[in-house]
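Notes follow the structure.
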Amino acid sequence: MTVLCRCYNQSVQVSTWQHPLIIRNIKLGYGGVPVVDDFNLTVTPGEIHALAGENGAGKTTVLKAVAGLITRMSGSIEVPEDEPNKASRVGFVLQHDVLPSNMTLGACVACAALAADQSSAVVSNQQLLARVGLLVPLGKRVSDLTMHQRQLLQVACALASKPALLLLDEPTAVMSHTDAVHFWKLIQAEVAIGLTVIIATHKLEDILEYCTHVTVMRSGQLVFTRRISDVTLADIINGMAPAATSDTRAIGKSEKRFSSEPIVRISGNGAQLDIHEHEIHGLAGLDGSGYTTWLTALALTRQDGFSVTVRQESIDSKSIATRRKMHIGYIPADRHVEGMIISEPLDHNMTFGQLPYSPLDQWLPLRRHSDSSKASAIVDAYDVRPKDVTRNLDTLSGGNQQKFMVGRELERNNEIIVIDQPTRGLDRVASAGITQKLHAKSLQTGTAILVYSDDLTFLINTCDTISVVSSGRLVQTRPSTEWTEKSLVEAIV
Amino acid sequence: MKHAKTLFALIGIAFAAFALLHLQPDVVKIAFGSPMALLRFLTIGTPLLLAGLGVHACLATGRILIAGEGIYAAGGLTVAIVGTSLSNTPLGLWAGLILAFAIGGCVGLLISWLRENKGVHEVISGLLLNYILQLLTRYLANGPFRDPTSDAPHTRELPWTLPLLYPGSDLNIGLLLGCILMAAYIYVFHKTVIGRFIRSLAITDGVANVAGLPPKRTRILVMVVSAGIIGLTGAISIGSAGPFRRFPADFYGSGVGFDGLIIGLLAGPSAWLLLPSTLLIACLSHLSDALSLATSLPRQVGSLAGALLFLLAAALRYRKESRS
């Protein structure tokens with residue numbers, strides 16, 4: 001039997017630089033709209049350089065420009081050469097992976113190594129996967145991996161090419177706290193042997209704990225670049241959005257009173273999860289803890305050993321379409337696969353998410369004007385940028401796409417909403433905005449909300465009740481006021 | 001710069017038309033020089049429009065219907081058998097058309113069921129079914145259903161033709177049906193909510209699934225209807241006045257199924273481009289007939305030009321996708 005384990009002692013050999021990476025006055029945009037404007041940055045070898053900024057600040061665009069994925073721009077980017085006259089190897093971990101779903105993990109890593117002419121890598125593919133914390137067999141297919149595992153596979157593929165520079169775009173957005181800690185240790189170990197890292201992230205505490213330098217961006221422009229020792233959390237928040245509040249707690253949370261009779265009851269694995277009208281019920285758990293079964297049983301299809309009742313009526317045999325007609329909404333974690341069509345404009349994407357309740361409406365002409373005005377209202381209410389609803393979604397940053405999708409579903413007339421990772425890729429201000437919107441929804445319309453997030457702060461601030469899931473079972477359920485981040489982590493682990 | 005490619009294509013077409021007019025004025029005269037020639041052009045275009053529509057609908061859900069040629073032949077044979085068997089009843093015509101649609105739909109059902117439930121790629125099963133349908137239709141037209149009074153291998157002649165749209169020509173209600181189906185297709189797939197969800201299947205299953213539209217069942221339904229339309233196309237071709245009205249054993253290979261594939265792929269994601277794509281391929285076919293008459297050049301020249309166009313379209317698409 002093969003035993004897979006995480007190992008830190010076997011490092012991946014990376015290329016090293018002698019000279020800094022210099023970005024000089026770059027200006028670029030999409031469809032005539034400037035995204036990065038007169039941006040300058042110098043990254044010296046061995047740095048873990050964080051890019052911080054609100055959603056749409058231009059962080060991903062800068063990373064893409066450094067990776068050479070965007071070439072139409074003014075200004076210059078000087079990437080040092082590994083050896084004289086030899087282009088430097090740059091690894092890039094995208095926020096949304098582009099891994100071929102029908103390939104095996106082994107094939108993916110081997111291809112990445114081969115593409116970078118590193119087929120004779122020092123560590124084996126299995127060791128590399130174990131090193132990044134991906135404890136699954138090499139023969140498993142990409143399509144069978146969770147989002148978090150696919151993210152780790154991207155990291156393994158990037159490291160397989162032995163890069164001198166590693167670009168990371170929100171790598172920990174879908175990782176649990178434990179996995180994120182492991183990930184950061186791995187990055188620090190690689191940097192210790194010569195890797196240079198530029199990372200875009202919204203997790204500001206991680207920046208302060210693990211990075212060496214931080215650059216704050218606002219509206220595509222440089223606000224400041226400082227050593228971590230010279231900066232505080234408040235400096236970063238103020239740099240990102242001067243008017244932003246750091247208070248992310250829900251308003252009016254303590255005023256809620258629930259009826260004794262729940263409107264949703266999910267029973268499974270010997271436990272019972274009740275959700276009442278006006279209640280926001282949070283689920284916490286590690287990736288692979290089985291929390292998706294609880295969400296899926298309510299939002300999508302029957303799960304073995306689970307039964308779900310809504311207003312005391314069993315919905316186990318109900319199709320997804322019937323559940324939507326029963327006003328059970330769903331916001332999926334993977335916005336690109338299940339939430340939206342990113343090659344379509346925002347107003348077209350208003351159609352998606354839910355079929356019209358009436359079959360006749362499905363066959364009637366599209367209400368373009370109405371969709372357009374609804375999309376505009378969401379763009380305004382959720383501060384989606386840029387405001388043009390005729391733009392394709394793929395020209396928006398990941399965070400703005402997320403805000404739009406969450407807004408679209410929250411504005412529907414649903415009595416129950418199931419949400420998987422609502423704040424994925426959102427900055428602190430946008431997360432706080434989602435907290436307020438969820439609370440307004442539950443307070444004003446009585447909507448019962450079941451939400452999973454790996455952002456424990458968000459859960460504590462947003463939810464009325466939090467249940468911890470482990471091995472598919474509900475381990476503990478308590479009012480959120482009785483949880484602290486520490487107690488939640490202990491319960492989860 | 002935005003319309004540079006269109007401008008370039010228009011200049012190319014204008015140059016080709018000028019060259020053809022200058023070098024071979026007879027060809028253009030034969031092809032388009034009289035009302036009857038234009039009606040002939042429309043008659044050629046009718047099955048192409050329907051076959052292209054069938055292929056395009058499948059492409060909109062991310063599936064490719066490559067068995068069009070075999071389904072076209074199966075539909076033609078069905079109407080020939082039913083029409084001659086029920087020759088004494090007025091139902092023969094309509095029963096033949098409906099059964100041709102049903103036969104096509106059954107082939108589509110088999111292909112899509114294998115694809116959605118067993119993972120057999122529709123191109124592989126489609127190609128194999130093409131061979132099976134080719135051999136089966138040839139055997140039936142040359143064997144059990146062969147016209148015993150004729151030396152040539154074909155079925156008996158149908159006692160009727162489809163109602164004509166213009167007396168004296170071969171243009172029949174197939175064109176009308178094609179236009180109605182085309183309008184319905186554009187409306188359903190491009191103007192309704194359900195159509196937008198169906199087209200999202202070409203990109204991802206997840207969006208439709210989460211919203212409550214089952215992706216597998218939808219794809220199967222679309223392929224059944226698409227293949228049914230192609231089966232119906234075969235029936236319309238056999239039920240036309242003119243060269244057919246009986247099913248020849250070598251009917252498979254007439255090229256309509258494959259031309260439909262070219263039309264569907266040339267149109268890309270836009271349903272509106274189906275019409276110009278159909279006109280282009282019909283024009284090539286019609287011109288190559290005329291060229292063959294005027295210069296004794298083989299009519300396969302048109303197919304060659306179509307193939308080159310197809311390659312060009314594929315190359316441009318590959319270039320675009322590799323850049324993105």
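Labels for the structure tokens follow display order: chains A, B, ..., residues from 1 in each chain, ligands from 1.
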In region 71-273 of chain B, DSSP helix (DSSP H, G or I) residues written as a PyMOL selection string: chain B and resi 71-85+91-118+122-142+173-191+193-200+206-211+215-238+256-267
Within 6 Å of chain B, which residues of chain A are there when counting only C-alpha atoms? Please give them as a list of chain:residue names.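 Residues satisfying the distance criterion: A:Ile320, A:Ala321, A:Val337, A:Glu338, A:Gly339, A:Gly353, A:Gln354, A:Leu355, A:Gln362, A:Trp363, A:Leu364, A:Pro365, A:Leu366.
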Considering only strand (DSSP E) as DSSP defines it on the backbone, what residues of region 79-234 of chain A qualify? List them as a PyMOL selection string. chain A and resi 90-93+165-169+196-200+213-218+221-227
Excluding Ser285 (chain B) and residues on its chain fewer than 3 positions from it, collect all residues at most 8 Å away from it, counting only C-alpha atoms, and give them as a list in words.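 These residues fall inside the cut-off: Ile44, Ile281, Ala282, Ser288, Asp289, Arg299, Gly302 and Ser303 of chain B.
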Atomic distance CA of Val174 (chain A) - CA of Tyr210 (chain A), expressed in Å with one decimal: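 Atom-to-atom, CA of Val174 (chain A) to CA of Tyr210 (chain A), that is 17.9 Å.
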Got a sec: who's within 8 Å of Tyr252 (chain B), counting only C-alpha atoms, leaving out chain neighbours fewer than 6 positions off, as a ChimeraX atom specification? /B:69-70,72-73,134,137-138
Rounded to one decimal, what separation in Å do you get between CA of Ile419 (chain A) and CA of Val469 (chain A)?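 It comes out at 15.6 Å.
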Name the residues in contact with Ile466 (chain A) at a cut-off of 10 Å, using only C-alpha atoms, excluding same-chain residues fewer than 3 positions from it; report them as an mmCIF file with all heavy atoms, in the first residue's frame.
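Result file follows (selection22.cif):
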data_model
loop_
_atom_site.group_PDB
_atom_site.id
_atom_site.type_symbol
_atom_site.label_atom_id
_atom_site.label_comp_id
_atom_site.auth_asym_id
_atom_site.auth_seq_id
_atom_site.Cartn_x
_atom_site.Cartn_y
_atom_site.Cartn_z
ATOM 1 N N ILE A 280 -29.611 32.803 9.133
ATOM 2 C CA ILE A 280 -28.449 32.501 8.277
ATOM 3 C C ILE A 280 -27.661 31.429 9.016
ATOM 4 O O ILE A 280 -27.112 31.677 10.098
ATOM 5 C CB ILE A 280 -27.575 33.739 8.029
ATOM 6 C CG1 ILE A 280 -28.408 34.852 7.373
ATOM 7 C CG2 ILE A 280 -26.394 33.382 7.142
ATOM 8 C CD1 ILE A 280 -27.628 36.144 7.155
ATOM 9 N N HIS A 281 -27.654 30.241 8.444
ATOM 10 C CA HIS A 281 -27.009 29.108 9.097
ATOM 11 C C HIS A 281 -25.691 28.821 8.371
ATOM 12 O O HIS A 281 -25.682 28.551 7.176
ATOM 13 C CB HIS A 281 -27.936 27.890 9.036
ATOM 14 C CG HIS A 281 -27.538 26.803 9.970
ATOM 15 N ND1 HIS A 281 -28.319 26.400 11.036
ATOM 16 C CD2 HIS A 281 -26.428 26.045 10.039
ATOM 17 C CE1 HIS A 281 -27.720 25.437 11.698
ATOM 18 N NE2 HIS A 281 -26.559 25.200 11.111
ATOM 19 N N GLY A 282 -24.615 28.871 9.077
ATOM 20 C CA GLY A 282 -23.305 28.658 8.478
ATOM 21 C C GLY A 282 -22.825 27.227 8.644
ATOM 22 O O GLY A 282 -23.116 26.573 9.646
ATOM 23 N N LEU A 283 -22.076 26.758 7.637
ATOM 24 C CA LEU A 283 -21.416 25.457 7.744
ATOM 25 C C LEU A 283 -19.918 25.710 7.684
ATOM 26 O O LEU A 283 -19.439 26.453 6.827
ATOM 27 C CB LEU A 283 -21.803 24.547 6.585
ATOM 28 C CG LEU A 283 -23.159 23.842 6.608
ATOM 29 C CD1 LEU A 283 -23.278 22.936 5.391
ATOM 30 C CD2 LEU A 283 -23.334 23.028 7.884
ATOM 31 N N ALA A 284 -19.196 25.083 8.607
ATOM 32 C CA ALA A 284 -17.731 25.194 8.581
ATOM 33 C C ALA A 284 -17.156 23.797 8.493
ATOM 34 O O ALA A 284 -17.708 22.853 9.058
ATOM 35 C CB ALA A 284 -17.248 25.895 9.847
ATOM 36 N N LEU A 450 -28.542 28.969 3.958
ATOM 37 C CA LEU A 450 -27.530 28.002 4.387
ATOM 38 C C LEU A 450 -26.257 28.344 3.634
ATOM 39 O O LEU A 450 -26.250 28.362 2.397
ATOM 40 C CB LEU A 450 -27.975 26.570 4.056
ATOM 41 C CG LEU A 450 -26.988 25.449 4.388
ATOM 42 C CD1 LEU A 450 -26.731 25.372 5.893
ATOM 43 C CD2 LEU A 450 -27.488 24.092 3.894
ATOM 44 N N VAL A 451 -25.204 28.639 4.356
ATOM 45 C CA VAL A 451 -23.992 29.117 3.690
ATOM 46 C C VAL A 451 -22.757 28.370 4.186
ATOM 47 O O VAL A 451 -22.590 28.136 5.389
ATOM 48 C CB VAL A 451 -23.828 30.654 3.877
ATOM 49 C CG1 VAL A 451 -23.814 31.048 5.345
ATOM 50 C CG2 VAL A 451 -22.577 31.184 3.206
ATOM 51 N N TYR A 452 -21.910 27.969 3.210
ATOM 52 C CA TYR A 452 -20.606 27.410 3.583
ATOM 53 C C TYR A 452 -19.533 28.412 3.180
ATOM 54 O O TYR A 452 -19.586 28.990 2.087
ATOM 55 C CB TYR A 452 -20.337 26.070 2.874
ATOM 56 C CG TYR A 452 -18.884 25.661 3.034
ATOM 57 C CD1 TYR A 452 -18.465 25.041 4.205
ATOM 58 C CD2 TYR A 452 -17.923 25.956 2.061
ATOM 59 C CE1 TYR A 452 -17.126 24.722 4.396
ATOM 60 C CE2 TYR A 452 -16.584 25.639 2.251
ATOM 61 C CZ TYR A 452 -16.192 25.020 3.418
ATOM 62 O OH TYR A 452 -14.872 24.711 3.609
ATOM 63 N N LEU A 459 -17.901 33.807 8.485
ATOM 64 C CA LEU A 459 -18.971 32.979 9.056
ATOM 65 C C LEU A 459 -19.425 33.542 10.407
ATOM 66 O O LEU A 459 -20.621 33.681 10.665
ATOM 67 C CB LEU A 459 -18.483 31.537 9.243
ATOM 68 C CG LEU A 459 -18.500 30.623 8.012
ATOM 69 C CD1 LEU A 459 -18.054 29.214 8.396
ATOM 70 C CD2 LEU A 459 -19.875 30.558 7.360
ATOM 71 N N ILE A 460 -18.444 33.846 11.249
ATOM 72 C CA ILE A 460 -18.795 34.336 12.588
ATOM 73 C C ILE A 460 -19.526 35.672 12.502
ATOM 74 O O ILE A 460 -20.501 35.917 13.206
ATOM 75 C CB ILE A 460 -17.533 34.435 13.468
ATOM 76 C CG1 ILE A 460 -17.022 33.020 13.772
ATOM 77 C CG2 ILE A 460 -17.801 35.190 14.759
ATOM 78 C CD1 ILE A 460 -15.659 32.960 14.407
ATOM 79 N N THR A 462 -21.251 36.824 9.963
ATOM 80 C CA THR A 462 -22.466 36.823 9.142
ATOM 81 C C THR A 462 -23.580 35.941 9.698
ATOM 82 O O THR A 462 -24.747 36.308 9.650
ATOM 83 C CB THR A 462 -22.118 36.344 7.711
ATOM 84 O OG1 THR A 462 -21.029 37.102 7.232
ATOM 85 C CG2 THR A 462 -23.300 36.485 6.772
ATOM 86 N N CYS A 463 -23.192 34.757 10.192
ATOM 87 C CA CYS A 463 -24.209 33.742 10.478
ATOM 88 C C CYS A 463 -24.848 33.926 11.861
ATOM 89 O O CYS A 463 -24.239 34.466 12.785
ATOM 90 C CB CYS A 463 -23.606 32.348 10.378
ATOM 91 S SG CYS A 463 -22.958 32.037 8.746
ATOM 92 N N VAL A 469 -18.884 20.637 10.252
ATOM 93 C CA VAL A 469 -19.014 19.335 9.596
ATOM 94 C C VAL A 469 -17.652 18.661 9.574
ATOM 95 O O VAL A 469 -16.640 19.282 9.243
ATOM 96 C CB VAL A 469 -19.522 19.500 8.142
ATOM 97 C CG1 VAL A 469 -19.768 18.138 7.513
ATOM 98 C CG2 VAL A 469 -20.760 20.336 8.093
ATOM 99 N N GLN A 476 -20.845 19.834 15.734
ATOM 100 C CA GLN A 476 -21.373 20.764 16.743
ATOM 101 C C GLN A 476 -22.220 21.817 16.048
ATOM 102 O O GLN A 476 -21.893 22.248 14.946
ATOM 103 C CB GLN A 476 -20.235 21.505 17.455
ATOM 104 C CG GLN A 476 -19.426 20.674 18.415
ATOM 105 C CD GLN A 476 -18.367 21.541 19.086
ATOM 106 O OE1 GLN A 476 -18.687 22.552 19.691
ATOM 107 N NE2 GLN A 476 -17.122 21.140 18.972
ATOM 108 N N THR A 477 -23.272 22.245 16.708
ATOM 109 C CA THR A 477 -24.062 23.374 16.220
ATOM 110 C C THR A 477 -24.254 24.347 17.388
ATOM 111 O O THR A 477 -24.716 23.938 18.463
ATOM 112 C CB THR A 477 -25.438 22.908 15.705
ATOM 113 O OG1 THR A 477 -25.226 22.000 14.627
ATOM 114 C CG2 THR A 477 -26.285 24.066 15.228
ATOM 115 N N ARG A 478 -23.877 25.598 17.151
ATOM 116 C CA ARG A 478 -23.999 26.603 18.221
ATOM 117 C C ARG A 478 -24.361 27.961 17.609
ATOM 118 O O ARG A 478 -24.044 28.213 16.431
ATOM 119 C CB ARG A 478 -22.653 26.787 18.922
ATOM 120 C CG ARG A 478 -22.255 25.671 19.869
ATOM 121 C CD ARG A 478 -21.104 26.215 20.708
ATOM 122 N NE ARG A 478 -20.007 25.277 20.801
ATOM 123 C CZ ARG A 478 -18.756 25.628 21.100
ATOM 124 N NH1 ARG A 478 -18.455 26.899 21.273
ATOM 125 N NH2 ARG A 478 -17.816 24.732 21.203
ATOM 126 N N PRO A 479 -24.945 28.834 18.384
ATOM 127 C CA PRO A 479 -25.118 30.217 17.898
ATOM 128 C C PRO A 479 -23.746 30.827 17.609
ATOM 129 O O PRO A 479 -22.767 30.507 18.305
ATOM 130 C CB PRO A 479 -25.790 30.926 19.074
ATOM 131 C CG PRO A 479 -26.392 29.851 19.896
ATOM 132 C CD PRO A 479 -25.532 28.643 19.723
ATOM 133 N N SER A 480 -23.696 31.672 16.609
ATOM 134 C CA SER A 480 -22.381 32.195 16.194
ATOM 135 C C SER A 480 -21.714 33.009 17.312
ATOM 136 O O SER A 480 -20.488 33.122 17.357
ATOM 137 C CB SER A 480 -22.536 33.062 14.949
ATOM 138 O OG SER A 480 -23.386 34.136 15.223
ATOM 139 N N THR A 481 -22.527 33.556 18.210
ATOM 140 C CA THR A 481 -21.947 34.356 19.302
ATOM 141 C C THR A 481 -21.116 33.487 20.252
ATOM 142 O O THR A 481 -20.276 33.995 20.987
ATOM 143 C CB THR A 481 -23.068 35.033 20.102
ATOM 144 O OG1 THR A 481 -24.076 34.058 20.379
ATOM 145 C CG2 THR A 481 -23.667 36.197 19.345
ATOM 146 N N GLU A 482 -21.369 32.185 20.220
ATOM 147 C CA GLU A 482 -20.610 31.291 21.101
ATOM 148 C C GLU A 482 -19.353 30.751 20.440
ATOM 149 O O GLU A 482 -18.613 29.978 21.035
ATOM 150 C CB GLU A 482 -21.513 30.118 21.529
ATOM 151 C CG GLU A 482 -22.668 30.553 22.412
ATOM 152 C CD GLU A 482 -23.577 29.394 22.774
ATOM 153 O OE1 GLU A 482 -23.140 28.223 22.652
ATOM 154 O OE2 GLU A 482 -24.720 29.659 23.176
ATOM 155 N N TRP A 483 -19.153 31.110 19.165
ATOM 156 C CA TRP A 483 -17.948 30.636 18.476
ATOM 157 C C TRP A 483 -16.898 31.746 18.442
ATOM 158 O O TRP A 483 -17.237 32.912 18.291
ATOM 159 C CB TRP A 483 -18.264 30.254 17.035
ATOM 160 C CG TRP A 483 -19.034 28.996 16.819
ATOM 161 C CD1 TRP A 483 -20.333 28.901 16.444
ATOM 162 C CD2 TRP A 483 -18.560 27.651 16.921
ATOM 163 N NE1 TRP A 483 -20.709 27.597 16.316
ATOM 164 C CE2 TRP A 483 -19.631 26.791 16.598
ATOM 165 C CE3 TRP A 483 -17.335 27.065 17.267
ATOM 166 C CZ2 TRP A 483 -19.531 25.413 16.604
ATOM 167 C CZ3 TRP A 483 -17.232 25.683 17.265
ATOM 168 C CH2 TRP A 483 -18.332 24.875 16.937
ATOM 169 N N LEU A 488 -13.580 27.527 16.511
ATOM 170 C CA LEU A 488 -14.032 26.956 15.239
ATOM 171 C C LEU A 488 -12.937 26.100 14.604
ATOM 172 O O LEU A 488 -13.185 24.982 14.144
ATOM 173 C CB LEU A 488 -14.423 28.075 14.270
ATOM 174 C CG LEU A 488 -15.915 28.317 14.023
ATOM 175 C CD1 LEU A 488 -16.110 29.420 13.004
ATOM 176 C CD2 LEU A 488 -16.635 27.070 13.576
#
Would you mind listing what lies within 7 Å of region 117-123 of chain B as a ChimeraX atom specification, with only C-alpha atoms counted and same-chain residues fewer than 5 positions away left out? /B:64,66,111-112
Residues of the last selection are to be written out with C-alpha atoms, as a CSV table (one decimal), in the first residue's frame.
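Saved the output as out.csv:
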chain,number,residue,atom,x,y,z
B,64,ILE,CA,-21.4,17.3,-33.6
B,66,ILE,CA,-21.5,13.7,-38.3
B,111,ILE,CA,-25.9,8.4,-31.1
B,112,SER,CA,-26.8,10.8,-28.3
Using only C-alpha atoms, determine which residues lie at most 10 Å from Met340 (chain A), disregarding the query and same-chain residues fewer than 5 positions distant; provide the list as a list of chain:residue names.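 After dropping sequence-adjacent residues, the list is A:Pro332, A:Asp334, A:Arg335, A:Pro345, A:Leu346, A:His348, A:Asn349, A:Met350, A:Thr351, A:Phe352, A:Gly353, A:Leu393, A:Gln401, A:Gln402, A:Phe404, A:Met405, B:Ser200, B:Thr204, B:Gly206, B:Val207, B:Ala208.
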Could you please take those selected residues and save N, CA and C atoms as a compact mmCIF listing (two decimals), in the first residue's frame?
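So out-v7.txt came out as:
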# COMPACT_ATOMS: atom_id res chain seq x y z
N PRO A 332 -23.48 28.62 -6.54
CA PRO A 332 -22.40 27.62 -6.51
C PRO A 332 -21.04 28.24 -6.21
N ASP A 334 -18.21 27.30 -7.80
CA ASP A 334 -17.45 27.46 -9.04
C ASP A 334 -18.24 28.32 -10.01
N ARG A 335 -17.99 29.61 -9.96
CA ARG A 335 -18.80 30.54 -10.75
C ARG A 335 -18.63 30.34 -12.25
N PRO A 345 -22.04 38.82 -22.04
CA PRO A 345 -22.10 40.06 -21.27
C PRO A 345 -22.87 39.90 -19.95
N LEU A 346 -22.74 40.88 -19.10
CA LEU A 346 -23.41 40.83 -17.80
C LEU A 346 -24.93 40.74 -17.95
N HIS A 348 -26.71 39.52 -20.35
CA HIS A 348 -27.11 38.18 -20.80
C HIS A 348 -27.05 37.21 -19.62
N ASN A 349 -26.09 37.40 -18.75
CA ASN A 349 -25.93 36.48 -17.62
C ASN A 349 -27.04 36.60 -16.58
N MET A 350 -27.87 37.63 -16.71
CA MET A 350 -29.02 37.74 -15.82
C MET A 350 -29.96 36.56 -16.02
N THR A 351 -29.96 36.01 -17.24
CA THR A 351 -30.83 34.89 -17.56
C THR A 351 -30.46 33.65 -16.76
N PHE A 352 -29.15 33.47 -16.54
CA PHE A 352 -28.68 32.22 -15.94
C PHE A 352 -28.94 32.20 -14.43
N GLY A 353 -28.66 31.05 -13.86
CA GLY A 353 -28.86 30.89 -12.42
C GLY A 353 -30.14 30.15 -12.10
N LEU A 393 -18.32 39.19 -19.23
CA LEU A 393 -17.90 38.96 -17.84
C LEU A 393 -16.40 38.70 -17.72
N GLN A 401 -16.77 39.57 -10.71
CA GLN A 401 -17.66 38.52 -11.22
C GLN A 401 -18.44 37.90 -10.07
N GLN A 402 -17.74 37.64 -8.97
CA GLN A 402 -18.38 37.01 -7.80
C GLN A 402 -19.48 37.91 -7.25
N PHE A 404 -21.20 40.09 -8.78
CA PHE A 404 -22.33 40.11 -9.70
C PHE A 404 -23.19 38.86 -9.54
N MET A 405 -22.51 37.69 -9.43
CA MET A 405 -23.27 36.44 -9.33
C MET A 405 -24.06 36.38 -8.02
N SER B 200 -25.86 27.44 -23.75
CA SER B 200 -24.80 27.43 -22.73
C SER B 200 -24.18 26.05 -22.59
N THR B 204 -20.54 24.88 -20.94
CA THR B 204 -20.49 24.11 -19.70
C THR B 204 -21.87 23.51 -19.41
N GLY B 206 -22.75 22.86 -16.29
CA GLY B 206 -23.09 23.26 -14.93
C GLY B 206 -24.16 24.32 -14.83
N VAL B 207 -24.08 25.34 -15.69
CA VAL B 207 -25.01 26.47 -15.58
C VAL B 207 -26.45 26.02 -15.79
N ALA B 208 -26.67 25.20 -16.84
CA ALA B 208 -28.03 24.71 -17.11
C ALA B 208 -28.47 23.76 -16.00
